[in-house]
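Pasting structure-v2.cif here (mmCIF, C-alpha atoms):
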data_work
loop_
_atom_site.label_atom_id
_atom_site.label_comp_id
_atom_site.auth_asym_id
_atom_site.auth_seq_id
_atom_site.Cartn_x
_atom_site.Cartn_y
_atom_site.Cartn_z
CA MET A 319 2.90 24.77 -11.78
CA HIS A 320 -0.30 26.00 -13.39
CA LYS A 321 -2.02 24.15 -16.16
CA TYR A 322 -3.48 26.23 -18.91
CA TYR A 323 -6.55 25.17 -20.80
CA PHE A 324 -7.69 26.38 -24.14
CA PHE A 325 -11.34 26.82 -23.74
CA PHE A 326 -13.85 26.74 -26.59
CA GLN A 327 -17.46 26.93 -25.76
CA ARG A 328 -20.76 28.09 -27.04
CA PHE A 329 -24.34 27.37 -26.38
CA LEU A 330 -26.13 25.37 -29.03
CA LYS A 331 -28.96 27.68 -28.11
CA THR A 332 -27.81 30.09 -30.81
CA ILE A 333 -27.99 27.41 -33.44
CA PHE A 334 -31.28 26.01 -32.40
CA TYR A 335 -32.82 29.31 -31.56
CA SER A 336 -35.86 28.90 -33.79
CA GLU A 337 -35.94 25.12 -33.84
CA SER A 338 -38.38 22.90 -32.06
CA ARG A 339 -37.37 20.66 -29.20
CA PHE A 340 -37.45 17.60 -31.44
CA THR A 341 -35.16 19.22 -33.99
CA ALA A 342 -32.81 20.26 -31.20
CA SER A 343 -32.74 16.67 -29.94
CA MET A 344 -31.83 15.53 -33.45
CA HIS A 345 -28.91 17.99 -33.54
CA VAL A 346 -27.71 16.71 -30.18
CA GLU A 347 -27.95 13.14 -31.39
CA ALA A 348 -26.11 14.05 -34.59
CA LEU A 349 -23.26 15.60 -32.62
CA GLN A 350 -23.04 12.40 -30.59
CA VAL A 351 -22.82 10.30 -33.77
CA LEU A 352 -20.16 12.60 -35.19
CA LEU A 353 -18.05 12.55 -32.02
CA GLN A 354 -18.37 8.80 -31.69
CA GLY A 355 -17.10 8.43 -35.23
CA LEU A 356 -14.17 10.74 -34.56
CA CYS A 357 -13.02 9.12 -31.33
CA GLY A 358 -13.88 5.49 -31.99
CA GLY A 359 -16.79 5.20 -29.59
CA ARG A 360 -15.14 6.07 -26.28
CA GLN A 361 -18.12 7.93 -24.89
CA GLU A 362 -18.86 8.30 -21.19
CA LYS A 363 -21.98 9.54 -19.51
CA LEU A 364 -21.62 12.60 -17.38
CA LYS A 365 -23.66 13.70 -14.40
CA ILE A 366 -22.11 16.35 -12.21
CA HIS A 367 -23.46 18.28 -9.26
CA GLU A 368 -21.64 21.59 -9.35
CA ILE A 369 -21.56 23.98 -6.40
CA CYS A 370 -20.11 27.44 -6.75
CA LEU A 371 -18.82 28.95 -3.51
CA LYS A 372 -17.87 32.55 -2.84
CA SER A 373 -15.66 33.81 -0.05
CA GLY A 374 -17.47 35.49 2.83
CA THR A 375 -17.33 39.22 3.46
CA ASN A 376 -13.90 40.52 4.40
CA LEU A 377 -12.25 37.11 3.93
CA GLY A 378 -9.06 36.88 1.87
CA VAL A 379 -6.88 39.35 0.01
CA GLU A 380 -9.79 39.83 -2.40
CA ALA A 381 -13.15 38.14 -3.07
CA SER A 382 -12.64 34.65 -4.47
CA GLU A 383 -14.64 31.82 -5.97
CA VAL A 384 -14.17 28.06 -5.96
CA HIS A 385 -16.17 25.24 -7.55
CA LEU A 386 -16.95 21.87 -6.01
CA LEU A 387 -17.84 19.17 -8.51
CA CYS A 388 -19.44 15.93 -7.43
CA SER A 389 -19.44 13.31 -10.16
CA LEU A 390 -22.56 11.17 -9.86
CA SER A 391 -21.92 8.90 -12.83
CA GLN A 392 -19.98 6.34 -10.72
CA THR A 393 -21.37 4.12 -7.97
CA ASP A 394 -19.72 6.26 -5.29
CA PRO A 395 -19.74 10.05 -5.71
CA VAL A 396 -16.31 11.49 -6.54
CA TRP A 397 -15.56 15.04 -5.38
CA THR A 398 -13.25 17.53 -7.08
CA VAL A 399 -12.38 21.11 -6.19
CA ARG A 400 -11.66 23.44 -9.10
CA HIS A 401 -10.27 26.94 -9.25
CA VAL A 402 -10.62 28.79 -12.53
CA GLY A 403 -8.52 31.90 -13.10
CA GLY A 404 -9.50 34.80 -15.32
CA PRO A 405 -8.87 34.58 -19.08
CA MET A 406 -5.40 35.53 -20.23
CA ARG A 407 -5.25 39.13 -21.45
CA GLY A 408 -3.14 41.04 -23.94
CA ALA A 409 -2.97 41.52 -27.69
CA GLY A 410 -1.66 37.97 -28.26
CA ALA A 411 -4.48 36.43 -26.22
CA GLU A 412 -7.08 38.45 -28.12
CA GLN A 413 -5.92 36.90 -31.37
CA LEU A 414 -6.33 33.37 -30.09
CA PRO A 415 -9.55 31.63 -31.10
CA ALA A 416 -10.05 30.28 -27.57
CA HIS A 417 -9.86 31.49 -24.00
CA VAL A 418 -6.74 30.59 -22.09
CA ARG A 419 -7.31 30.22 -18.39
CA SER A 420 -5.42 28.86 -15.44
CA VAL A 421 -7.41 25.87 -14.17
CA LEU A 422 -6.37 23.98 -11.07
CA GLU A 423 -8.13 20.83 -9.93
CA SER A 424 -7.75 18.48 -7.01
CA SER A 425 -9.71 15.47 -5.91
CA ILE A 426 -11.04 15.94 -2.39
CA SER A 427 -12.78 13.85 0.25
CA SER A 428 -16.56 13.88 0.49
CA ASN A 429 -16.58 16.40 3.36
CA ALA A 430 -15.41 19.11 0.92
CA LEU A 431 -18.55 21.25 1.19
CA ARG A 432 -18.50 21.27 5.00
CA PHE A 433 -14.78 22.09 4.83
CA PHE A 434 -15.21 25.15 2.61
CA TYR A 435 -18.17 26.35 4.69
CA ALA A 436 -15.91 26.13 7.76
CA LEU A 437 -13.26 28.17 5.92
CA GLY A 438 -15.78 30.97 5.46
CA TYR A 439 -17.15 30.28 1.98
CA LYS A 440 -20.86 30.64 1.18
CA MET A 441 -22.87 28.94 -1.51
CA ASP A 442 -23.46 31.16 -4.54
CA TYR A 443 -25.37 28.69 -6.72
CA GLU A 444 -25.60 25.01 -7.55
CA LEU A 445 -26.56 23.19 -10.72
CA VAL A 446 -26.52 19.73 -12.27
CA ARG A 447 -24.83 19.01 -15.61
CA ILE A 448 -26.09 15.97 -17.48
CA GLY A 449 -24.65 14.81 -20.77
CA TYR A 450 -21.68 12.99 -22.14
CA VAL A 451 -17.95 13.37 -22.55
CA PHE A 452 -15.52 12.25 -25.27
CA GLN A 453 -11.76 12.08 -25.01
CA PHE A 454 -9.55 12.53 -28.07
CA GLN A 455 -5.83 12.11 -28.31
CA ARG A 456 -4.38 14.54 -30.82
CA VAL A 457 -1.18 16.54 -30.36
CA VAL A 458 -2.71 17.32 -26.96
CA PRO A 459 -5.52 15.42 -25.23
CA ILE A 460 -8.83 17.09 -26.11
CA THR A 461 -11.98 16.71 -24.05
CA VAL A 462 -15.39 17.42 -25.55
CA THR A 463 -18.41 17.69 -23.31
CA ALA A 464 -22.02 18.18 -24.36
CA THR A 465 -24.14 18.87 -21.31
CA MET A 466 -27.59 20.02 -20.39
CA LEU A 467 -27.61 22.47 -17.49
CA CYS A 468 -30.25 21.85 -14.83
CA LYS A 469 -31.26 24.13 -12.00
CA VAL A 470 -31.79 22.72 -8.53
CA PRO A 471 -35.17 23.90 -7.17
CA LYS A 472 -34.38 23.31 -3.48
CA LEU A 473 -31.06 23.16 -1.64
CA HIS A 474 -29.13 20.06 -2.81
CA ALA A 475 -32.32 18.48 -4.26
CA ILE A 476 -30.40 17.18 -7.25
CA ASP A 477 -32.96 14.46 -8.02
CA GLU A 478 -35.48 17.25 -8.71
CA ALA A 479 -33.16 19.15 -11.07
CA ILE A 480 -34.97 20.79 -14.01
CA PRO A 481 -33.32 21.63 -17.37
CA VAL A 482 -32.80 25.38 -17.74
CA THR A 483 -33.15 25.19 -21.53
CA PRO A 484 -34.79 21.84 -22.41
CA GLY A 485 -33.38 20.19 -25.52
CA ILE A 486 -30.43 22.56 -25.66
CA GLN A 487 -26.93 21.58 -24.73
CA LEU A 488 -23.68 23.34 -23.99
CA VAL A 489 -20.72 22.07 -26.01
CA GLU A 490 -17.24 22.70 -24.64
CA LEU A 491 -13.80 21.76 -25.92
CA THR A 492 -10.90 21.87 -23.50
CA ALA A 493 -7.26 20.89 -23.72
CA PRO A 494 -4.38 21.23 -21.30
CA ALA A 495 -1.46 23.37 -22.39
CA SER A 496 1.64 24.87 -20.86
CA THR A 497 3.24 28.22 -21.57
CA GLU A 498 5.63 26.34 -23.89
CA ASN A 499 3.16 24.54 -26.15
CA TYR A 500 0.57 27.21 -26.86
CA SER A 501 0.79 27.03 -30.61
CA GLU A 502 0.51 23.24 -30.71
CA ALA A 503 -2.54 23.24 -28.46
CA VAL A 504 -4.21 26.06 -30.41
CA GLY A 505 -3.56 24.26 -33.70
CA ALA A 506 -4.90 20.94 -32.37
CA ILE A 507 -8.06 22.35 -30.89
CA SER A 508 -8.78 24.62 -33.87
CA SER A 509 -8.41 21.81 -36.37
CA PHE A 510 -10.58 19.57 -34.19
CA ALA A 511 -13.28 22.25 -34.12
CA GLU A 512 -13.26 22.18 -37.94
CA HIS A 513 -14.52 18.57 -37.83
CA LEU A 514 -17.65 19.79 -36.06
CA ALA A 515 -18.17 22.75 -38.37
CA PRO A 516 -21.02 21.24 -40.44
CA LEU A 517 -23.08 21.08 -37.23
CA ILE A 518 -21.74 23.71 -34.91
CA HIS A 519 -19.38 26.65 -34.93
CA LEU A 520 -17.35 26.88 -31.76
CA SER A 521 -16.14 30.20 -30.48
CA LYS A 522 -14.95 31.92 -27.34
CA PRO A 523 -17.68 32.36 -24.74
CA GLY A 524 -19.62 35.52 -25.48
CA VAL A 525 -18.67 35.68 -29.16
CA PRO A 526 -21.78 34.88 -31.26
CA THR A 527 -21.18 32.97 -34.47
CA GLY A 528 -24.72 32.59 -35.77
CA VAL A 529 -26.55 29.56 -37.02
CA VAL A 530 -24.63 27.04 -39.13
CA PRO A 531 -26.59 26.96 -42.45
CA THR A 532 -25.76 23.30 -43.06
CA ALA A 533 -26.69 22.17 -39.54
CA SER A 534 -30.12 20.67 -40.28
CA THR A 535 -28.99 18.79 -43.40
CA ALA A 536 -25.82 17.54 -41.71
CA ALA A 537 -27.77 16.47 -38.62
CA ALA A 538 -30.33 14.52 -40.63
CA SER A 539 -27.56 12.81 -42.60
CA LEU A 540 -25.53 11.92 -39.50
CA VAL A 541 -28.53 10.61 -37.58
CA SER A 542 -29.61 8.38 -40.46
CA ARG A 543 -26.05 7.05 -40.86
CA GLY A 544 -25.87 6.47 -37.12
CA ALA A 545 -29.16 4.55 -37.26
CA MET A 546 -27.85 2.43 -40.15
CA LYS A 547 -24.75 1.49 -38.16
CA VAL A 548 -26.87 0.51 -35.16
CA SER A 549 -29.17 -1.65 -37.27
CA MET B 1100 2.80 4.65 6.64
CA SER B 1101 3.90 3.00 3.41
CA SER B 1102 0.99 0.77 2.34
CA PRO B 1103 -2.78 0.69 2.86
CA GLY B 1104 -2.90 -2.37 5.11
CA THR B 1105 -1.14 -0.88 8.11
CA THR B 1106 -1.74 0.78 11.45
CA CYS B 1107 0.43 3.44 12.93
CA LYS B 1108 1.03 4.76 16.44
CA LEU B 1109 2.66 8.12 16.93
CA CYS B 1110 4.63 8.87 20.11
CA TYR B 1111 7.09 11.39 21.44
CA TRP B 1112 9.96 11.23 23.88
CA GLN B 1113 9.32 12.83 27.25
CA PRO B 1114 12.55 13.44 29.15
CA SER B 1115 12.61 12.93 32.92
CA GLY B 1116 11.73 15.95 35.06
CA GLY B 1117 14.19 18.80 34.88
CA THR B 1118 15.93 17.69 31.69
CA THR B 1119 15.30 19.09 28.25
CA VAL B 1120 15.07 17.28 24.95
CA SER B 1121 18.22 17.44 22.80
CA SER B 1122 19.64 16.00 19.60
CA GLN B 1123 21.56 13.51 21.73
CA VAL B 1124 18.21 11.97 22.72
CA LEU B 1125 17.56 11.16 19.08
CA VAL B 1126 21.03 9.61 18.71
CA ASP B 1127 20.38 7.42 21.78
CA LEU B 1128 16.93 6.39 20.57
CA ILE B 1129 18.34 5.40 17.18
CA LYS B 1130 20.95 3.29 19.01
CA SER B 1131 18.13 1.58 20.91
CA ILE B 1132 16.40 0.70 17.62
CA GLU B 1133 19.64 -0.67 16.21
CA SER B 1134 20.18 -2.72 19.37
CA MET B 1135 16.81 -4.39 18.65
CA ASN B 1136 18.25 -5.36 15.23
CA GLY B 1137 16.39 -2.65 13.36
CA VAL B 1138 17.60 -2.21 9.78
CA ARG B 1139 17.73 1.32 8.45
CA SER B 1140 15.54 1.57 5.35
CA GLY B 1141 15.52 5.25 4.51
CA ARG B 1142 14.73 8.82 5.46
CA TRP B 1143 11.30 10.35 5.92
CA GLN B 1144 9.80 13.79 6.33
CA VAL B 1145 6.44 15.15 7.39
CA THR B 1146 5.58 18.84 7.08
CA ALA B 1147 2.81 20.24 9.25
CA SER B 1148 1.68 23.83 8.71
CA GLN B 1149 -0.52 26.20 10.57
CA HIS B 1150 -2.48 28.76 8.54
CA ARG B 1151 -4.42 31.80 9.70
CA PRO B 1152 -7.26 33.59 7.84
CA ILE B 1153 -6.53 36.79 5.95
CA ARG B 1154 -8.89 39.65 6.73
CA ARG B 1155 -9.11 42.61 4.37
CA ASP B 1156 -10.30 44.88 7.16
CA GLN B 1157 -8.68 43.99 10.48
CA ALA B 1158 -11.43 45.78 12.40
CA VAL B 1159 -14.18 43.57 10.94
CA GLN B 1160 -14.68 40.02 12.17
CA VAL B 1161 -14.89 37.15 9.69
CA GLU B 1162 -16.98 34.03 10.12
CA CYS B 1163 -14.37 31.38 9.45
CA ALA B 1164 -12.05 28.87 11.06
CA ARG B 1165 -9.36 30.71 13.02
CA GLU B 1166 -6.79 28.07 12.27
CA LEU B 1167 -6.27 25.77 9.29
CA LEU B 1168 -3.77 22.95 9.74
CA GLY B 1169 -2.20 21.08 6.83
CA VAL B 1170 0.06 18.01 6.53
CA ALA B 1171 2.24 16.67 3.71
CA PHE B 1172 4.09 13.34 3.78
CA SER B 1173 7.27 12.55 1.84
CA GLU B 1174 5.91 9.00 1.50
CA ALA B 1175 2.67 10.24 -0.14
CA PRO B 1176 3.86 13.16 -2.28
CA ASN B 1177 0.65 13.37 -4.33
CA LYS B 1178 -1.62 13.90 -1.34
CA TYR B 1179 -2.26 16.71 1.12
CA TYR B 1180 -4.33 16.71 4.30
CA PHE B 1181 -6.16 19.42 6.21
CA VAL B 1182 -7.38 19.31 9.78
CA LEU B 1183 -9.90 21.66 11.37
CA ARG B 1184 -9.84 20.88 15.08
CA PRO B 1185 -12.91 22.78 16.33
CA ASP B 1186 -14.96 21.25 13.50
CA HIS B 1187 -13.46 17.77 14.03
CA MET B 1188 -12.67 17.40 10.38
CA VAL B 1189 -9.88 15.73 8.38
CA VAL B 1190 -9.87 16.44 4.64
CA GLU B 1191 -7.90 14.48 2.06
CA ALA B 1192 -6.96 16.11 -1.25
CA ASP B 1193 -4.35 16.01 -4.01
CA SER B 1194 -1.17 17.98 -3.47
CA THR B 1195 -2.45 20.53 -6.06
CA ILE B 1196 -4.89 21.77 -3.38
CA GLN B 1197 -1.95 23.76 -2.02
CA SER B 1198 -1.75 25.75 -5.27
CA ILE B 1199 -5.52 26.26 -5.19
CA MET B 1200 -5.32 27.62 -1.64
CA GLU B 1201 -2.45 29.91 -2.66
CA ASN B 1202 -4.53 31.26 -5.54
CA LEU B 1203 -7.56 31.81 -3.31
CA GLN B 1204 -5.44 33.83 -0.85
CA VAL B 1205 -7.80 33.33 2.06
CA TYR B 1206 -5.39 31.70 4.54
CA ARG B 1207 -1.75 32.58 5.11
CA ASN B 1208 0.99 30.31 6.36
CA HIS B 1209 1.76 31.23 9.93
CA LEU B 1210 4.11 28.48 11.07
CA THR B 1211 5.52 25.20 9.78
CA VAL B 1212 6.92 22.32 11.78
CA VAL B 1213 9.12 19.80 9.99
CA PHE B 1214 9.36 16.26 11.33
CA GLU B 1215 12.29 14.36 9.81
CA GLY B 1216 14.49 11.40 10.56
CA PHE B 1217 15.25 7.79 9.74
CA GLN B 1218 13.10 4.74 9.23
CA TYR B 1219 13.97 1.23 10.39
CA GLN B 1220 12.52 -2.18 9.67
CA LEU B 1221 12.02 -4.78 12.41
CA GLY B 1222 10.15 -7.72 10.93
CA ASP B 1223 6.53 -6.66 10.43
CA PHE B 1224 7.17 -3.33 12.16
CA HIS B 1225 8.46 -0.10 10.70
CA VAL B 1226 9.88 2.29 13.24
CA LYS B 1227 10.65 5.93 12.66
CA ALA B 1228 12.63 8.25 14.86
CA GLY B 1229 13.11 11.90 14.08
CA ARG B 1230 13.19 15.45 15.30
CA ALA B 1231 10.56 18.15 15.11
CA VAL B 1232 11.89 21.59 14.25
CA ILE B 1233 10.34 24.89 13.30
CA ALA B 1234 10.93 25.33 9.55
CA HIS B 1235 13.94 27.43 8.53
CA SER B 1236 15.44 27.16 11.99
CA GLU B 1237 17.26 24.60 14.10
CA ASN B 1238 14.81 25.21 16.90
CA LEU B 1239 14.24 21.67 18.25
CA ARG B 1240 10.68 21.26 19.52
CA GLY B 1241 10.65 17.55 20.26
CA ILE B 1242 11.59 13.99 19.33
CA VAL B 1243 8.98 12.01 17.40
CA LEU B 1244 8.68 8.22 17.30
CA GLU B 1245 6.38 6.31 15.01
CA VAL B 1246 5.57 2.62 15.14
CA GLU B 1247 3.86 1.07 12.16
CA TYR B 1248 2.53 -2.47 11.97
CA LEU B 1249 2.34 -3.59 8.36
CA PRO B 1250 0.03 -6.61 8.09
CA VAL B 1251 -3.19 -5.29 9.70
CA SER B 1252 -5.17 -2.08 9.23
CA SER B 1253 -7.67 -2.46 12.08
CA LEU B 1254 -6.92 -0.16 15.00
CA GLY B 1255 -8.89 -2.32 17.42
CA LYS B 1256 -7.06 -5.52 16.50
CA THR B 1257 -3.56 -4.00 16.71
CA HIS B 1258 -3.99 -1.78 19.75
CA GLN B 1259 -2.54 -4.22 22.27
CA LEU B 1260 0.19 -5.47 19.95
CA MET B 1261 1.40 -1.93 19.26
CA GLN B 1262 1.42 -1.09 22.97
CA GLU B 1263 3.46 -4.22 23.73
CA PHE B 1264 6.00 -3.21 21.09
CA VAL B 1265 6.29 0.29 22.56
CA ASP B 1266 6.72 -1.21 26.06
CA ILE B 1267 9.62 -3.38 24.82
CA TRP B 1268 11.21 -0.39 23.11
CA GLN B 1269 10.77 1.60 26.32
CA GLU B 1270 12.62 -1.09 28.30
CA VAL B 1271 15.50 -1.14 25.82
CA ALA B 1272 15.76 2.67 25.80
CA ALA B 1273 15.62 2.81 29.62
CA GLN B 1274 18.93 0.96 29.79
CA SER B 1275 20.78 4.07 28.66
CA MET B 1276 18.27 6.95 28.85
CA THR B 1277 16.06 8.64 31.39
CA GLY B 1278 12.62 9.47 30.13
CA ARG B 1279 9.69 7.70 28.55
CA ILE B 1280 7.87 7.11 25.30
CA VAL B 1281 4.46 8.78 25.40
CA HIS B 1282 1.65 8.05 22.99
CA LEU B 1283 -0.62 10.96 22.14
CA GLU B 1284 -3.71 9.39 20.62
CA PRO B 1285 -6.36 11.70 19.23
CA ASN B 1286 -9.96 10.53 19.43
CA PHE B 1287 -10.40 9.27 15.87
CA GLY B 1288 -14.13 8.72 16.42
CA ASP B 1289 -14.65 12.45 17.07
CA TYR B 1290 -13.29 13.06 13.56
CA SER B 1291 -15.51 10.39 11.98
CA LEU B 1292 -12.45 8.27 11.20
CA SER B 1293 -13.20 4.56 11.23
CA ASP B 1294 -11.35 1.58 12.72
CA GLN B 1295 -9.71 0.99 9.33
CA TYR B 1296 -6.44 2.89 9.45
CA SER B 1297 -5.68 5.43 6.69
CA TRP B 1298 -3.41 8.36 5.90
CA GLN B 1299 -6.10 10.59 7.41
CA HIS B 1300 -5.45 8.96 10.79
CA THR B 1301 -1.72 9.62 10.41
CA ALA B 1302 -2.39 13.23 9.42
CA LEU B 1303 -4.48 13.75 12.53
CA GLN B 1304 -1.80 12.20 14.74
CA TYR B 1305 0.92 14.50 13.36
CA ILE B 1306 -1.31 17.54 13.77
CA SER B 1307 -2.03 16.58 17.38
CA LEU B 1308 1.69 16.18 18.02
CA MET B 1309 2.49 19.51 16.39
CA VAL B 1310 -0.10 21.24 18.56
CA HIS B 1311 1.34 19.50 21.63
CA PHE B 1312 4.91 20.58 20.84
CA LEU B 1313 3.83 24.15 20.14
CA SER B 1314 1.82 24.35 23.35
CA GLN B 1315 4.90 23.24 25.28
CA ARG B 1316 6.83 26.09 23.75
CA THR B 1317 4.48 28.69 25.22
CA ASN B 1318 4.42 27.10 28.69
#
Represent the structure contained in this file as structure tokens.
Amino acid sequence: MHKYYFFFQRFLKTIFYSESRFTASMHVEALQVLLQGLCGGRQEKLKIHEICLKSGTNLGVEASEVHLLCSLSQTDPVWTVRHVGGPMRGAGAEQLPAHVRSVLESSISSNALRFFYALGYKMDYELVRIGYVFQFQRVVPITVTATMLCKVPKLHAIDEAIPVTPGIQLVELTAPASTENYSEAVGAISSFAEHLAPLIHLSKPGVPTGVVPTASTAAASLVSRGAMKVS
Amino acid sequence: MSSPGTTCKLCYWQPSGGTTVSSQVLVDLIKSIESMNGVRSGRWQVTASQHRPIRRDQAVQVECARELLGVAFSEAPNKYYFVLRPDHMVVEADSTIQSIMENLQVYRNHLTVVFEGFQYQLGDFHVKAGRAVIAHSENLRGIVLEVEYLPVSSLGKTHQLMQEFVDIWQEVAAQSMTGRIVHLEPNFGDYSLSDQYSWQHTALQYISLMVHFLSQRTN
């Protein structure tokens, strides 16, 4: 059975387009404070080496793509293979405020890369995602990630990874859903996105929403409140 | 294999020259287990599949493994195992990997062999006896026997003990049957599998047995 995920994402790049790196860092910190407040502090660090593989010429019914994710935030690396289907189409899907995609994941032993090479897959690109993840339990479990994307200058040289857009992070909201509970999942994720609205507007990938006018004020307020709690 | 601290030895029944394997052999082997005071503890099933690559253009060669072998165990329903023999590789994944492979549509199921039978308990040993058939047919390919020793997971430490158990079983079976129990041990080291026994070892043993049974078919 396929799992469906409602997928909200946008680059903070749009928001921070004309901001300095310091200001961008403050926005990132503010988002962290806000999310911590919403979920009760269950924040986890995230460091993932992501490898995108493409099927070799003439292999398979049609060209295909698969992602290998190696989580580096634990003592021992944990490997996952992920297949992401295309976004759901149709008039109903267009109306939804998030992409709906079939996403299948499986944990896999550490020889995963050698395995897919042997099956005829070739590396398309690799990157490192560094950031943090929050889990929220609403009507459906919601995962929020804020990550910085880093390019890998040499093959598998993940320790030398360089941020593609320094000080800018990608914020993604995902939630599992089935064909039966669409409306519940949409409602839960949309209302959750409203909590972040003073800082960031979330939209489907590729749909620009512009800068949030209140972002700088909200960020300054959140960061100072966060600092007060720490002290 | 029911728990992590175990070792497992996979065998098959080789009838004496001139005779063929039949369902009666399985009945007789089960009687031999019961005569050793084995207590039936349930059924089991292992599914081993052979997959072949899909080429869009049959005239053009593809750089890929010619054969992908997969194993699923009824005792470990959340896991799935792949074996690539030329590459000496065993891969462990969740059972959802099967849906991922179906979505990718790069390998197609060519043949499936189902191993199924009964499990017995004899003290610290679990013994399984079952038949191997081509899926969706009653085409008997062989009789499979599995001996599992529960308390220890080191292959080196249990090697002799397991062999002694098989020898005793062989003697009991020989009282009413003609043939012998043959162990088909793959070289675990070639596949980078350690002395500590795991489901990956079991997967490799079943794949080796499937390949053996299928090769007998073509002879």
I'd like the residues picked by the PyMOL selection byres ((chain A) within 9 of (chain B)) written out as a VMD selection string, using the chain letters and numbers from the file. chain A and resid 319 to 320 373 to 384 398 to 401 403 422 to 430 432 to 433 435 to 439
Which residues are close to range 1261-1276 of chain B, i.e. within 10 Å by all atoms listed in the file, leaving aside same-chain residues fewer than 2 positions away? Reply as a PyMOL selection string. chain B and resi 1106-1108+1110+1112+1114-1115+1124+1127-1132+1134-1135+1224+1244-1248+1254+1256-1259+1278-1282
Keeping only C-alpha atoms, write the selected residues to a file as a JSON list (two decimals), in the frame of the given file.
[["chain", "number", "residue", "atom", "x", "y", "z"],
["B", 1106, "THR", "CA", -1.74, 0.78, 11.45],
["B", 1107, "CYS", "CA", 0.43, 3.44, 12.93],
["B", 1108, "LYS", "CA", 1.03, 4.76, 16.44],
["B", 1110, "CYS", "CA", 4.63, 8.87, 20.11],
["B", 1112, "TRP", "CA", 9.96, 11.23, 23.88],
["B", 1114, "PRO", "CA", 12.55, 13.44, 29.15],
["B", 1115, "SER", "CA", 12.61, 12.93, 32.92],
["B", 1124, "VAL", "CA", 18.21, 11.97, 22.72],
["B", 1127, "ASP", "CA", 20.38, 7.42, 21.78],
["B", 1128, "LEU", "CA", 16.93, 6.39, 20.57],
["B", 1129, "ILE", "CA", 18.34, 5.40, 17.18],
["B", 1130, "LYS", "CA", 20.95, 3.29, 19.01],
["B", 1131, "SER", "CA", 18.13, 1.58, 20.91],
["B", 1132, "ILE", "CA", 16.40, 0.70, 17.62],
["B", 1134, "SER", "CA", 20.18, -2.72, 19.37],
["B", 1135, "MET", "CA", 16.81, -4.39, 18.65],
["B", 1224, "PHE", "CA", 7.17, -3.33, 12.16],
["B", 1244, "LEU", "CA", 8.68, 8.22, 17.30],
["B", 1245, "GLU", "CA", 6.38, 6.31, 15.01],
["B", 1246, "VAL", "CA", 5.57, 2.62, 15.14],
["B", 1247, "GLU", "CA", 3.86, 1.07, 12.16],
["B", 1248, "TYR", "CA", 2.53, -2.47, 11.97],
["B", 1254, "LEU", "CA", -6.92, -0.16, 15.00],
["B", 1256, "LYS", "CA", -7.06, -5.52, 16.50],
["B", 1257, "THR", "CA", -3.56, -4.00, 16.71],
["B", 1258, "HIS", "CA", -3.99, -1.78, 19.75],
["B", 1259, "GLN", "CA", -2.54, -4.22, 22.27],
["B", 1278, "GLY", "CA", 12.62, 9.47, 30.13],
["B", 1279, "ARG", "CA", 9.69, 7.70, 28.55],
["B", 1280, "ILE", "CA", 7.87, 7.11, 25.30],
["B", 1281, "VAL", "CA", 4.46, 8.78, 25.40],
["B", 1282, "HIS", "CA", 1.65, 8.05, 22.99]]
Quick check, in Å to one decimal: how far apart do CA of Arg447 in chain A and CA of Glu368 in chain A lie? 7.5 Å
What's around Leu353 in chain A at 10 Å? Count only C-alpha atoms, leave out sequence neighbours fewer than 6 positions away in its own chain, and write the answer as a ChimeraX atom specification. /A:347,359-361,451-454,462,513-514
Starting from the PyMOL selection byres ((chain A and resi 539) around 12), expand the selection into actual residues of this file and give them as a list in words.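 Output of the PyMOL selection byres ((chain A and resi 539) around 12): Met344, His345, Glu347, Ala348, Leu349, Val351, Leu352, Pro516, Leu517, Thr532, Ala533, Ser534, Thr535, Ala536, Ala537, Ala538, Leu540, Val541, Ser542, Arg543, Gly544, Ala545 and Met546 of chain A.
What the PyMOL selection byres ((chain B and resi 1298) around 9) picks from this file is B:Met1100, B:Pro1103, B:Ala1175, B:Tyr1180, B:Glu1191, B:Tyr1296, B:Ser1297, B:Gln1299, B:His1300, B:Thr1301, B:Ala1302, B:Leu1303.
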So that I can check the surroundings of range 1237-1242 of chain B, please list as a list in words every protein, DNA and RNA residue that reaches within 9 Å of it, counting all atoms listed in the file and ignoring chain neighbours fewer than 3 positions away. Cys1110, Tyr1111, Trp1112, Gln1113, Val1120, Ser1121, Ser1122, Val1124, Leu1125, Val1212, Phe1214, Ala1228, Gly1229, Arg1230, Ala1231, Val1232, Ile1233, Ala1234, Met1309, Phe1312, Leu1313, Gln1315 and Arg1316 of chain B
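The nearest approach to Gly410 in chain A among the residues A:Gln392, A:Val530, A:Tyr500, A:Lys365, with all atoms listed in the file taken into account, belongs to A:Tyr500.
For the set A:Leu414, A:Cys370, A:Leu520, A:Ala475, the residue with the smallest atom-to-atom gap to Leu491 in chain A is A:Leu520, counting all atoms listed in the file.
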Quick check, in Å to one decimal: how far apart do CA of Lys469 in chain A and CA of Tyr443 in chain A lie?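 Straight-line distance from CA of Lys469 in chain A to CA of Tyr443 in chain A works out to 9.1 Å.
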